[in-house]
Amino acid sequence: MPAVALAVLVGVPQAVVLATALRRAAVAPVVAVVGGVALTGWVVAQLPLVGWTSPVQWAFAAVGVIECVAGLRMRAARAGAPGVAAGRTGGTVGTTTGTARADRPRRS
């Protein structure tokens, strides 16, 4: 039963997050936040059984939180939030500066 619960509550949502992110689907940011919350919730639910002594718990809690933050940043970048879409947050989320575009002719 624990393996089935792990597959359903963690494996399936993470597979959906991966698939939507790779396809760059419009719902990818929301799916990433939901997947991150599900993963973090699973880790929190395991705390009474496993505790925080296992490094795996820390690692997956961090992955869940990072996934939530990444989803929120993607959503803000797609919505055109000031600072995020312009790349002024220290990252390159939402920017295409420096990338080659095959559909545009090169300037002479």
# chains A, B, ... in the order shown; residues from 1 in each chain; ligands from 1
call {"tool": "closest_atom_pairs", "arguments": {"of": "region 48-80 of chain A", "to": "region 10-27 of chain A", "cutoff": "10 Å", "atoms": "only C-alpha atoms", "output": "tab-separated table"}}
result
residue	atom	partner	partner_atom	distance
A:Gly64	CA	A:Gln14	CA	9.9
A:Glu67	CA	A:Val17	CA	9.4
A:Gly71	CA	A:Ala21	CA	9.7
A:Arg75	CA	A:Val27	CA	9.0
A:Arg78	CA	A:Ala26	CA	8.9
call {"tool": "atom_distance", "arguments": {"atom1": "CA of Ala79 (chain A)", "atom2": "CA of Gly41 (chain A)"}}
result
27.0 Å
call {"tool": "residues_around", "arguments": {"residues": "region 46-63 of chain A", "least_positions_apart": "2", "cutoff": "12 Å", "atoms": "only C-alpha atoms", "output": "ChimeraX atom specification"}}
result
/A:2,5-6,10,14,32-33,35-44,65-70
call {"tool": "write_last_selection", "arguments": {"atoms": "N, CA and C atoms", "output": "PDB file, in the first residue's frame"}}
result
ATOM      1  N   PRO A   2       1.936   1.354   0.794  1.00  0.00           N
ATOM      2  CA  PRO A   2       2.732   2.584   0.775  1.00  0.00           C
ATOM      3  C   PRO A   2       3.312   2.891  -0.609  1.00  0.00           C
ATOM      4  N   ALA A   5       0.558   4.404  -2.733  1.00  0.00           N
ATOM      5  CA  ALA A   5       0.316   5.778  -2.300  1.00  0.00           C
ATOM      6  C   ALA A   5       1.429   6.709  -2.792  1.00  0.00           C
ATOM      7  N   LEU A   6       2.664   6.255  -2.700  1.00  0.00           N
ATOM      8  CA  LEU A   6       3.789   7.054  -3.190  1.00  0.00           C
ATOM      9  C   LEU A   6       3.667   7.295  -4.687  1.00  0.00           C
ATOM     10  N   VAL A  10       2.819  11.115  -5.434  1.00  0.00           N
ATOM     11  CA  VAL A  10       4.067  11.793  -5.792  1.00  0.00           C
ATOM     12  C   VAL A  10       4.443  11.520  -7.252  1.00  0.00           C
ATOM     13  N   GLN A  14       4.340  14.380 -10.325  1.00  0.00           N
ATOM     14  CA  GLN A  14       5.650  14.788 -10.835  1.00  0.00           C
ATOM     15  C   GLN A  14       5.803  14.457 -12.322  1.00  0.00           C
ATOM     16  N   ALA A  32       3.130  23.024 -11.932  1.00  0.00           N
ATOM     17  CA  ALA A  32       4.352  22.956 -11.126  1.00  0.00           C
ATOM     18  C   ALA A  32       4.073  23.311  -9.671  1.00  0.00           C
ATOM     19  N   VAL A  33       3.266  24.329  -9.447  1.00  0.00           N
ATOM     20  CA  VAL A  33       2.929  24.714  -8.068  1.00  0.00           C
ATOM     21  C   VAL A  33       2.139  23.601  -7.391  1.00  0.00           C
ATOM     22  N   GLY A  35       2.118  20.398  -8.149  1.00  0.00           N
ATOM     23  CA  GLY A  35       3.018  19.272  -7.932  1.00  0.00           C
ATOM     24  C   GLY A  35       3.968  19.502  -6.770  1.00  0.00           C
ATOM     25  N   GLY A  36       4.479  20.721  -6.656  1.00  0.00           N
ATOM     26  CA  GLY A  36       5.364  21.056  -5.540  1.00  0.00           C
ATOM     27  C   GLY A  36       4.652  20.998  -4.202  1.00  0.00           C
ATOM     28  N   VAL A  37       3.410  21.473  -4.173  1.00  0.00           N
ATOM     29  CA  VAL A  37       2.619  21.411  -2.940  1.00  0.00           C
ATOM     30  C   VAL A  37       2.324  19.956  -2.575  1.00  0.00           C
ATOM     31  N   ALA A  38       2.006  19.142  -3.589  1.00  0.00           N
ATOM     32  CA  ALA A  38       1.726  17.720  -3.328  1.00  0.00           C
ATOM     33  C   ALA A  38       2.961  17.018  -2.766  1.00  0.00           C
ATOM     34  N   LEU A  39       4.123  17.301  -3.350  1.00  0.00           N
ATOM     35  CA  LEU A  39       5.356  16.680  -2.880  1.00  0.00           C
ATOM     36  C   LEU A  39       5.692  17.134  -1.459  1.00  0.00           C
ATOM     37  N   THR A  40       5.592  18.424  -1.212  1.00  0.00           N
ATOM     38  CA  THR A  40       5.871  18.945   0.124  1.00  0.00           C
ATOM     39  C   THR A  40       4.870  18.393   1.137  1.00  0.00           C
ATOM     40  N   GLY A  41       3.607  18.291   0.743  1.00  0.00           N
ATOM     41  CA  GLY A  41       2.589  17.716   1.625  1.00  0.00           C
ATOM     42  C   GLY A  41       2.876  16.268   1.961  1.00  0.00           C
ATOM     43  N   TRP A  42       3.346  15.513   0.975  1.00  0.00           N
ATOM     44  CA  TRP A  42       3.703  14.109   1.211  1.00  0.00           C
ATOM     45  C   TRP A  42       4.833  14.013   2.235  1.00  0.00           C
ATOM     46  N   VAL A  43       5.832  14.866   2.097  1.00  0.00           N
ATOM     47  CA  VAL A  43       6.962  14.853   3.031  1.00  0.00           C
ATOM     48  C   VAL A  43       6.483  15.223   4.430  1.00  0.00           C
ATOM     49  N   VAL A  44       5.644  16.244   4.546  1.00  0.00           N
ATOM     50  CA  VAL A  44       5.134  16.658   5.855  1.00  0.00           C
ATOM     51  C   VAL A  44       4.298  15.540   6.476  1.00  0.00           C
ATOM     52  N   VAL A  65       9.565  22.652  -2.436  1.00  0.00           N
ATOM     53  CA  VAL A  65       9.547  24.108  -2.274  1.00  0.00           C
ATOM     54  C   VAL A  65      10.121  24.787  -3.515  1.00  0.00           C
ATOM     55  N   ILE A  66      11.222  24.270  -4.036  1.00  0.00           N
ATOM     56  CA  ILE A  66      11.837  24.848  -5.237  1.00  0.00           C
ATOM     57  C   ILE A  66      10.888  24.752  -6.426  1.00  0.00           C
ATOM     58  N   GLU A  67      10.187  23.635  -6.531  1.00  0.00           N
ATOM     59  CA  GLU A  67       9.226  23.467  -7.619  1.00  0.00           C
ATOM     60  C   GLU A  67       8.090  24.494  -7.513  1.00  0.00           C
ATOM     61  N   CYS A  68       7.609  24.745  -6.309  1.00  0.00           N
ATOM     62  CA  CYS A  68       6.575  25.762  -6.112  1.00  0.00           C
ATOM     63  C   CYS A  68       7.077  27.148  -6.508  1.00  0.00           C
ATOM     64  N   VAL A  69       8.266  27.492  -6.055  1.00  0.00           N
ATOM     65  CA  VAL A  69       8.840  28.801  -6.370  1.00  0.00           C
ATOM     66  C   VAL A  69       9.061  28.938  -7.877  1.00  0.00           C
ATOM     67  N   ALA A  70       9.563  27.899  -8.517  1.00  0.00           N
ATOM     68  CA  ALA A  70       9.778  27.944  -9.967  1.00  0.00           C
ATOM     69  C   ALA A  70       8.460  28.131 -10.707  1.00  0.00           C
TER      70      ALA A  70
END
call {"tool": "select_by_dssp", "arguments": {"residues": "region 32-83 of chain A", "states": "alpha helix (DSSP H)", "output": "ChimeraX atom specification"}}
result
/A:32-50,55-79
